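> Next up, model_9.cif (mmCIF, C-alpha atoms).
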data_upload
#
loop_
_atom_site.label_atom_id
_atom_site.label_comp_id
_atom_site.auth_asym_id
_atom_site.auth_seq_id
_atom_site.Cartn_x
_atom_site.Cartn_y
_atom_site.Cartn_z
CA MET A 1 -96.88 -142.13 112.41
CA THR A 2 -93.59 -140.24 112.45
CA THR A 3 -93.93 -136.52 113.08
CA ALA A 4 -91.76 -133.84 111.48
CA ILE A 5 -90.03 -133.24 114.81
CA GLN A 6 -89.26 -136.93 115.25
CA LYS A 7 -87.91 -137.15 111.69
CA LYS A 8 -85.69 -134.10 112.27
CA GLN A 9 -84.37 -135.58 115.50
CA GLY A 10 -83.73 -138.89 113.77
CA ASP A 11 -81.80 -137.18 110.98
CA GLU A 12 -79.71 -135.23 113.51
CA MET A 13 -78.94 -138.41 115.43
CA ALA A 14 -77.92 -140.20 112.23
CA ARG A 15 -75.52 -137.36 111.36
CA LEU A 16 -74.05 -137.44 114.85
CA PHE A 17 -73.56 -141.22 114.61
CA THR A 18 -71.71 -140.68 111.33
CA ASP A 19 -69.45 -138.13 113.04
CA ILE A 20 -68.75 -140.63 115.84
CA ASP A 21 -67.83 -143.35 113.33
CA SER A 22 -65.51 -140.96 111.47
CA ARG A 23 -63.65 -140.14 114.69
CA MET A 24 -63.18 -143.77 115.71
CA THR A 25 -60.12 -143.95 113.45
CA SER A 26 -58.27 -141.56 115.77
CA TRP A 27 -59.98 -142.65 119.00
CA LYS A 28 -58.97 -146.29 118.54
CA LYS A 29 -55.33 -145.20 118.90
CA VAL A 30 -55.95 -144.23 122.53
CA LEU A 31 -58.34 -147.04 123.49
CA PRO A 32 -56.85 -149.58 125.94
CA ALA A 33 -55.97 -152.89 124.28
CA ARG A 34 -58.77 -154.70 126.10
CA VAL A 35 -61.46 -152.33 124.76
CA SER A 36 -63.02 -153.15 121.39
CA GLN A 37 -63.41 -150.29 118.93
CA ASP A 38 -66.84 -151.56 117.89
CA TRP A 39 -67.97 -151.82 121.52
CA PHE A 40 -66.87 -148.28 122.33
CA ALA A 41 -68.55 -146.86 119.21
CA ALA A 42 -71.77 -148.65 120.17
CA GLU A 43 -71.60 -147.29 123.74
CA CYS A 44 -71.15 -143.74 122.41
CA LYS A 45 -74.31 -144.11 120.34
CA VAL A 46 -76.23 -145.63 123.24
CA ALA A 47 -75.30 -142.57 125.32
CA VAL A 48 -76.98 -140.33 122.73
CA GLN A 49 -79.99 -142.61 122.38
CA ARG A 50 -80.52 -142.62 126.14
CA ASN A 51 -80.15 -138.85 126.36
CA PRO A 52 -81.07 -137.11 123.07
CA ASP A 53 -80.37 -133.74 124.72
CA LEU A 54 -76.69 -134.47 124.03
CA MET A 55 -77.37 -133.62 120.38
CA ALA A 56 -77.84 -129.99 121.44
CA CYS A 57 -74.34 -129.87 122.96
CA THR A 58 -71.47 -128.21 121.15
CA LYS A 59 -69.45 -130.77 119.23
CA THR A 60 -66.28 -129.54 120.90
CA SER A 61 -67.51 -130.44 124.39
CA LEU A 62 -69.26 -133.68 123.36
CA PHE A 63 -66.35 -135.14 121.41
CA ASP A 64 -63.82 -134.04 124.04
CA SER A 65 -65.84 -135.96 126.66
CA LEU A 66 -66.00 -139.04 124.43
CA LEU A 67 -62.26 -138.83 123.76
CA THR A 68 -61.57 -138.81 127.51
CA CYS A 69 -63.78 -141.89 127.91
CA ALA A 70 -61.77 -143.58 125.15
CA GLN A 71 -58.49 -142.78 126.89
CA LEU A 72 -59.82 -144.16 130.16
CA GLY A 73 -61.49 -147.16 128.54
CA LEU A 74 -64.83 -146.31 130.20
CA SER A 75 -68.30 -146.65 128.75
CA PRO A 76 -69.92 -143.23 128.21
CA SER A 77 -73.43 -144.72 127.98
CA GLY A 78 -74.14 -144.52 131.71
CA ARG A 79 -75.52 -148.06 131.70
CA LEU A 80 -72.58 -149.42 133.67
CA GLY A 81 -72.37 -146.48 136.06
CA SER A 82 -68.74 -145.88 135.13
CA ALA A 83 -69.19 -142.56 133.33
CA HIS A 84 -72.00 -140.18 132.45
CA LEU A 85 -72.38 -137.47 129.80
CA ILE A 86 -74.42 -134.57 131.16
CA PRO A 87 -75.66 -131.66 129.00
CA PHE A 88 -76.09 -128.32 130.72
CA LYS A 89 -76.51 -124.66 129.93
CA THR A 90 -73.65 -122.24 130.36
CA GLY A 91 -72.93 -118.68 129.29
CA VAL A 92 -70.88 -117.68 126.25
CA GLN A 93 -70.05 -114.17 125.12
CA ALA A 94 -71.06 -113.50 121.54
CA GLY A 95 -70.24 -110.54 119.31
CA GLY A 96 -70.81 -107.13 120.83
CA GLY A 97 -70.33 -108.44 124.36
CA LYS A 98 -73.79 -110.01 124.51
CA TRP A 99 -74.11 -113.07 126.73
CA GLU A 100 -75.96 -116.04 125.32
CA LYS A 101 -76.58 -119.58 126.53
CA ALA A 102 -75.02 -122.65 124.96
CA THR A 103 -75.48 -126.33 125.77
CA VAL A 104 -72.22 -127.98 126.82
CA CYS A 105 -71.48 -131.64 127.54
CA GLN A 106 -69.73 -132.47 130.80
CA LEU A 107 -68.15 -135.83 131.55
CA VAL A 108 -68.80 -137.10 135.08
CA ILE A 109 -66.89 -140.20 136.20
CA GLY A 110 -68.96 -142.53 138.38
CA TYR A 111 -67.56 -144.28 141.43
CA ARG A 112 -67.70 -147.59 139.54
CA GLY A 113 -65.42 -145.99 136.94
CA TYR A 114 -62.80 -145.22 139.57
CA ILE A 115 -63.04 -148.78 140.90
CA ASP A 116 -62.61 -150.16 137.38
CA LEU A 117 -59.52 -148.03 136.74
CA ALA A 118 -57.94 -149.12 140.03
CA ARG A 119 -58.64 -152.81 139.48
CA ARG A 120 -57.18 -152.78 135.98
CA SER A 121 -53.76 -151.95 137.41
CA GLY A 122 -53.27 -155.56 138.53
CA GLU A 123 -51.99 -154.22 141.83
CA VAL A 124 -55.43 -154.16 143.48
CA LYS A 125 -57.00 -157.55 144.25
CA GLY A 126 -60.11 -156.33 146.04
CA PHE A 127 -61.97 -153.05 146.25
CA GLY A 128 -65.12 -151.94 148.04
CA VAL A 129 -67.04 -148.88 149.22
CA GLU A 130 -70.10 -148.42 151.44
CA VAL A 131 -72.10 -145.62 153.02
CA VAL A 132 -73.28 -145.60 156.61
CA TYR A 133 -76.69 -144.26 157.63
CA GLU A 134 -77.69 -142.91 161.01
CA GLY A 135 -78.80 -145.68 163.38
CA GLU A 136 -76.56 -148.36 161.87
CA LYS A 137 -73.90 -149.97 164.04
CA PHE A 138 -70.57 -148.61 162.89
CA ARG A 139 -67.11 -148.65 164.41
CA ASP A 140 -63.88 -147.32 162.92
CA VAL A 141 -61.00 -149.06 164.70
CA GLY A 142 -57.57 -147.42 164.47
CA GLY A 143 -54.18 -148.43 165.85
CA LEU A 144 -51.69 -150.92 164.46
CA HIS A 145 -54.45 -153.09 162.97
CA PRO A 146 -57.07 -150.65 161.63
CA THR A 147 -60.39 -152.04 160.51
CA VAL A 148 -64.05 -151.11 160.10
CA GLU A 149 -67.07 -152.80 161.67
CA HIS A 150 -70.45 -152.08 160.10
CA ASP A 151 -73.91 -153.65 160.49
CA LYS A 152 -76.43 -152.46 157.90
CA ASP A 153 -80.03 -151.62 158.84
CA ARG A 154 -81.98 -150.58 155.72
CA ASP A 155 -85.40 -152.17 155.76
CA THR A 156 -87.19 -148.92 154.83
CA ASP A 157 -86.59 -146.11 152.34
CA GLU A 158 -86.78 -143.59 155.18
CA LYS A 159 -83.64 -145.04 156.72
CA GLN A 160 -81.79 -144.50 153.43
CA ALA A 161 -82.76 -140.86 152.95
CA PRO A 162 -79.83 -138.61 151.90
CA GLU A 163 -80.14 -136.53 155.07
CA LYS A 164 -79.58 -139.72 157.09
CA LEU A 165 -76.09 -140.29 155.67
CA TYR A 166 -73.57 -140.45 158.49
CA ALA A 167 -70.28 -141.72 157.03
CA VAL A 168 -68.69 -143.50 154.08
CA TYR A 169 -65.71 -145.84 153.90
CA ALA A 170 -63.68 -147.40 151.08
CA TRP A 171 -61.18 -150.23 151.29
CA ALA A 172 -58.71 -151.94 148.98
CA GLU A 173 -56.72 -155.17 149.22
CA LEU A 174 -53.50 -155.20 147.27
CA ALA A 175 -51.98 -158.17 145.49
CA ASP A 176 -49.51 -158.71 148.35
CA GLY A 177 -52.33 -158.95 150.89
CA PHE A 178 -51.91 -155.45 152.34
CA ARG A 179 -55.17 -153.66 153.11
CA GLN A 180 -55.85 -149.94 153.11
CA HIS A 181 -59.04 -148.09 153.98
CA VAL A 182 -60.35 -144.57 154.54
CA VAL A 183 -63.36 -143.35 156.52
CA LEU A 184 -65.05 -140.00 155.90
CA TYR A 185 -67.77 -138.51 158.08
CA ARG A 186 -70.37 -135.94 157.07
CA PRO A 187 -68.11 -132.91 157.84
CA ASP A 188 -65.37 -134.43 155.66
CA VAL A 189 -67.76 -135.02 152.77
CA ASN A 190 -69.30 -131.56 153.16
CA ARG A 191 -65.87 -129.98 152.76
CA ALA A 192 -65.37 -131.91 149.51
CA LYS A 193 -68.84 -130.87 148.36
CA ALA A 194 -68.12 -127.21 149.15
CA ALA A 195 -65.09 -127.37 146.85
CA ALA A 196 -67.10 -128.90 143.98
CA ARG A 197 -68.41 -126.56 141.32
CA GLY A 198 -72.17 -126.26 141.17
CA ALA A 199 -72.70 -128.96 143.79
CA ASP A 200 -76.01 -127.39 144.85
CA ASN A 201 -77.34 -127.25 141.29
CA ALA A 202 -80.54 -129.28 140.86
CA LYS A 203 -78.85 -131.34 138.11
CA SER A 204 -75.69 -132.04 140.12
CA PRO A 205 -75.06 -135.66 141.14
CA TRP A 206 -74.54 -134.29 144.64
CA VAL A 207 -78.30 -133.66 144.56
CA THR A 208 -79.59 -136.45 142.31
CA HIS A 209 -77.27 -139.27 143.48
CA THR A 210 -76.06 -138.18 146.90
CA ALA A 211 -74.99 -141.60 148.21
CA GLU A 212 -72.97 -142.31 145.07
CA GLN A 213 -71.20 -138.97 145.39
CA TRP A 214 -70.27 -139.86 148.98
CA LYS A 215 -68.85 -143.16 147.71
CA LYS A 216 -66.89 -141.46 144.97
CA THR A 217 -65.44 -138.97 147.44
CA ALA A 218 -64.15 -141.82 149.60
CA ILE A 219 -62.78 -143.74 146.62
CA ARG A 220 -60.89 -140.73 145.31
CA ARG A 221 -59.35 -140.25 148.75
CA LEU A 222 -58.37 -143.92 148.96
CA ILE A 223 -56.83 -144.13 145.51
CA LYS A 224 -54.31 -141.47 146.47
CA LEU A 225 -52.98 -143.89 149.08
CA LEU A 226 -52.51 -146.87 146.75
CA PRO A 227 -49.13 -147.73 145.15
CA LEU A 228 -50.29 -147.54 141.54
CA SER A 229 -48.00 -147.53 138.52
CA PRO A 230 -47.23 -144.14 136.91
CA ASP A 231 -49.38 -144.97 133.87
CA ARG A 232 -52.35 -145.98 136.01
CA ALA A 233 -51.92 -142.98 138.28
CA GLN A 234 -51.93 -140.73 135.20
CA LEU A 235 -55.22 -142.23 134.00
CA LEU A 236 -56.79 -141.72 137.41
CA ALA A 237 -55.58 -138.12 137.47
CA ARG A 238 -57.18 -137.62 134.04
CA ALA A 239 -60.47 -138.94 135.43
CA GLU A 240 -60.27 -136.56 138.37
CA GLU A 241 -59.61 -133.62 136.05
CA ALA A 242 -62.74 -134.48 134.09
CA GLU A 243 -64.78 -134.70 137.28
CA ASP A 244 -63.39 -131.50 138.81
CA ALA A 245 -64.34 -129.54 135.70
CA ALA A 246 -68.01 -130.46 136.19
CA TRP A 247 -71.14 -128.53 137.05
CA THR A 248 -70.89 -124.91 136.03
CA ALA A 249 -74.49 -125.30 134.87
CA ASP A 250 -76.79 -122.30 134.51
CA VAL A 251 -73.97 -119.81 135.14
CA VAL A 252 -74.37 -117.05 132.57
CA ASP A 253 -71.39 -114.90 133.51
CA VAL A 254 -68.66 -117.48 132.88
CA GLU A 255 -65.54 -116.05 131.32
CA VAL A 256 -64.80 -117.79 128.02
CA GLU A 257 -62.51 -117.43 125.06
CA GLU A 258 -63.06 -114.49 122.73
CA ALA A 259 -66.10 -114.90 120.53
CA PRO A 260 -65.41 -115.68 116.83
CA THR A 261 -65.99 -112.06 115.74
CA ALA A 262 -63.65 -110.69 118.40
CA ARG A 263 -61.03 -113.31 117.58
CA THR A 264 -61.27 -112.51 113.87
CA GLU A 265 -60.75 -108.80 114.58
CA ALA A 266 -57.71 -109.61 116.73
CA VAL A 267 -56.19 -111.65 113.90
CA LYS A 268 -56.84 -108.83 111.44
CA ARG A 269 -55.15 -106.30 113.74
CA SER A 270 -52.16 -108.62 114.14
CA LEU A 271 -51.91 -109.00 110.37
CA VAL A 272 -52.09 -105.23 109.81
CA ASP A 273 -49.34 -104.65 112.40
CA ARG A 274 -47.18 -107.26 110.69
CA ARG A 275 -47.71 -105.75 107.25
CA ARG A 276 -46.67 -102.33 108.58
CA THR A 277 -43.29 -103.75 109.62
CA LEU A 278 -42.56 -105.22 106.18
CA SER A 279 -40.51 -103.33 103.63
CA GLN A 280 -41.96 -102.50 100.22
CA GLU A 281 -39.81 -105.20 98.62
CA GLU A 282 -41.02 -107.79 101.15
CA MET A 283 -44.60 -106.75 100.51
CA MET A 284 -44.14 -107.36 96.78
CA THR A 285 -42.85 -110.89 97.40
CA LEU A 286 -45.60 -111.81 99.85
CA LYS A 287 -47.52 -114.57 98.09
CA ASN A 288 -51.27 -114.77 97.97
CA GLY A 289 -52.56 -116.55 101.01
CA GLU A 290 -49.31 -116.30 102.98
CA ALA A 291 -50.71 -113.56 105.19
CA GLU A 292 -53.57 -115.82 106.19
CA ARG A 293 -51.16 -118.68 106.84
CA LEU A 294 -48.93 -116.54 109.02
CA SER A 295 -51.81 -115.39 111.16
CA ALA A 296 -53.60 -118.73 111.48
CA PRO A 297 -53.42 -120.49 114.86
CA LYS A 298 -51.32 -123.62 115.03
CA MET A 299 -53.33 -126.85 115.11
CA TRP A 300 -52.55 -130.09 116.83
CA PRO A 301 -51.55 -132.84 114.37
CA GLU A 302 -54.48 -134.19 112.39
CA GLN A 303 -56.98 -132.11 114.35
CA MET A 304 -59.44 -129.43 113.39
CA PRO A 305 -60.75 -126.80 115.82
CA GLU A 306 -63.89 -128.77 116.63
CA ASP A 307 -61.69 -131.73 117.68
CA LEU A 308 -59.63 -129.75 120.18
CA PRO A 309 -60.35 -130.00 123.92
CA ILE A 310 -62.64 -127.20 125.06
CA SER A 311 -59.84 -125.80 127.26
CA HIS A 312 -57.31 -125.58 124.39
CA PRO A 313 -56.55 -122.00 123.29
CA ASP A 314 -57.08 -122.91 119.61
CA ALA A 315 -60.41 -124.62 120.18
CA GLN A 316 -63.47 -123.00 118.73
CA PRO A 317 -65.62 -121.36 121.42
CA PRO A 318 -69.02 -123.04 121.99
CA GLU A 319 -71.66 -122.00 119.53
CA PRO A 320 -74.63 -120.24 121.14
CA GLY A 321 -77.46 -122.68 121.88
CA ALA A 322 -81.18 -122.20 122.33
CA GLU A 323 -82.45 -120.21 125.26
CA GLY A 324 -83.87 -122.34 128.05
#
Write out the structure in this file as structure tokens.

Amino acid sequence: MTTAIQKKQGDEMARLFTDIDSRMTSWKKVLPARVSQDWFAAECKVAVQRNPDLMACTKTSLFDSLLTCAQLGLSPSGRLGSAHLIPFKTGVQAGGGKWEKATVCQLVIGYRGYIDLARRSGEVKGFGVEVVYEGEKFRDVGGLHPTVEHDKDRDTDEKQAPEKLYAVYAWAELADGFRQHVVLYRPDVNRAKAAARGADNAKSPWVTHTAEQWKKTAIRRLIKLLPLSPDRAQLLARAEEAEDAAWTADVVDVEVEEAPTARTEAVKRSLVDRRRTLSQEEMMTLKNGEAERLSAPKMWPEQMPEDLPISHPDAQPPEPGAEG
């Protein structure tokens, strides 16, 4: 028997799926040629089905994350480990200066996503990454012929505990046979973690998927050393931007854009100042609606405020969400 809550959630999900389908017309323009529009739309819906909490996210943040996935050609469902959509609470300033919580969607690129982007370039023939736990035989050989020697020893879960992580290395073999690798030890990874926003948050992948975060740290360091094409390098930089913006969860004093009421008042003041500078004759010729047009923010082509990236100055600020 379907409860009222389940029916409401089903209706909300159906509406969100309709919104996703309506945006596919514009998203398909940025999808890589190898990525099917139908496949990507299905993966977007699977992401919501697997994590219904995404329905509580502001549309601005959710659709901006999905748009980035479309540009990168990565699945947002999380099933493939290439990208994940994570809802979290953050602070927004409403009218009167009152702080309220809103649910915002954050895109987190997985280490498999970085590997996929590098391999697609056609310049990388092989790619790999591995963590090293304490007690395993490991040797990082430098010199003119650098290499890594590693014997795994993981017959128990205790040996694979996050606190046992010792090092991580990533390697790539290019089409011409050249090999490149990087090795990071715990101090190196800890410095990267210290620079990550909200890394100690209970929901952060640094806490929930520690080994994968170590791998991603090594991969990101390695990719900077590879001779990728400008287009591929730009895509990888876009992925890093999405990742670096992650995990401001549960911070209630985040500075955000002016709340809608404050922004409206600012527009009104601007309009009043403009009208004061007009002559009486100009005021008589001012057509109905022109004042509103003159004061309205400029939009990107074929985009409404809810479609704009959350960082864009014309984007609507996140709507306050439920307390929690």
> What's the separation between CA of Ser121 in chain A and CA of Leu85 in chain A, in Å to one decimal place?
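Atom-to-atom, CA of Ser121 in chain A to CA of Leu85 in chain A, that is 24.8 Å.
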> Pick from A:Gly128, A:Gly78, A:Ala41, A:Asp151: nearest to Leu16 in chain A, with all atoms listed in the file counted?
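Smallest separation from Leu16 in chain A among the options: A:Ala41.
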> I would like the residues chosen by the PyMOL selection byres ((chain A and resi 147) around 12) on the shown file; could you give them as number ranges by chain?
A: 138-146, 148-150, 169-172, 179-183
> CA of Asp116 in chain A and CA of Thr18 in chain A are how many Å apart?
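About the pair CA of Asp116 in chain A and CA of Thr18 in chain A: they are 29.2 Å apart.
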> To one decimal place, how far is CA of Val129 in chain A from CA of Asn201 in chain A in Å?
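If I compute the distance from CA of Val129 in chain A to CA of Asn201 in chain A, I get 25.2 Å.
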> Write out as a list in words which residues come within 7 Å of Val104 in chain A when counting only C-alpha atoms, dropping same-chain ones fewer than 2 positions away.
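Listing them by chain and then by number gives Cys57, Thr58, Ser61, Pro87, Phe88, Lys89, Thr90, Ala102 and Gln106 of chain A.
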> Looking at all atoms listed in the file, which of A:Met55, A:Leu62, A:Trp99, A:Glu163 is the one that sits closest to Asp11 in chain A?
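The answer is A:Met55, which sits nearest to Asp11 in chain A.
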> Exactly which residues make up the result of the PyMOL selection byres ((chain A and resi 124) around 7) on this file, given as a list of chain:residue names?
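This file gives the following for the PyMOL selection byres ((chain A and resi 124) around 7): A:Ala118, A:Arg119, A:Ser121, A:Gly122, A:Glu123, A:Lys125, A:Gly126, A:Ala172, A:Glu173, A:Leu174, A:Ala175.
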> Identify all residues satisfying the PyMOL selection byres ((chain A and resi 236) around 10) in the given file; provide them as a PyMOL selection string.
chain A and resi 72+113-114+117-118+220+223-224+228+230-235+237-242
> Counting all atoms listed in the file, which of A:Arg186, A:Ser65, A:Lys159, A:Gly97 gets nearest to Ala218 in chain A?
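Nearest to Ala218 in chain A: A:Arg186.
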> Using only C-alpha atoms, which protein or nucleic acid residues come within 10 Å of range 153-155 of chain A? Drop anything in the same chain fewer than 2 positions from it, and give the result as an NGL selection string.
:A and (132-137 or 150-151 or 157-160)
> Need the neighbours of (-71.2, -142.7, 155.1): which residues are at most 6 Å away, counting only C-alpha atoms, as a count of residues only?
6
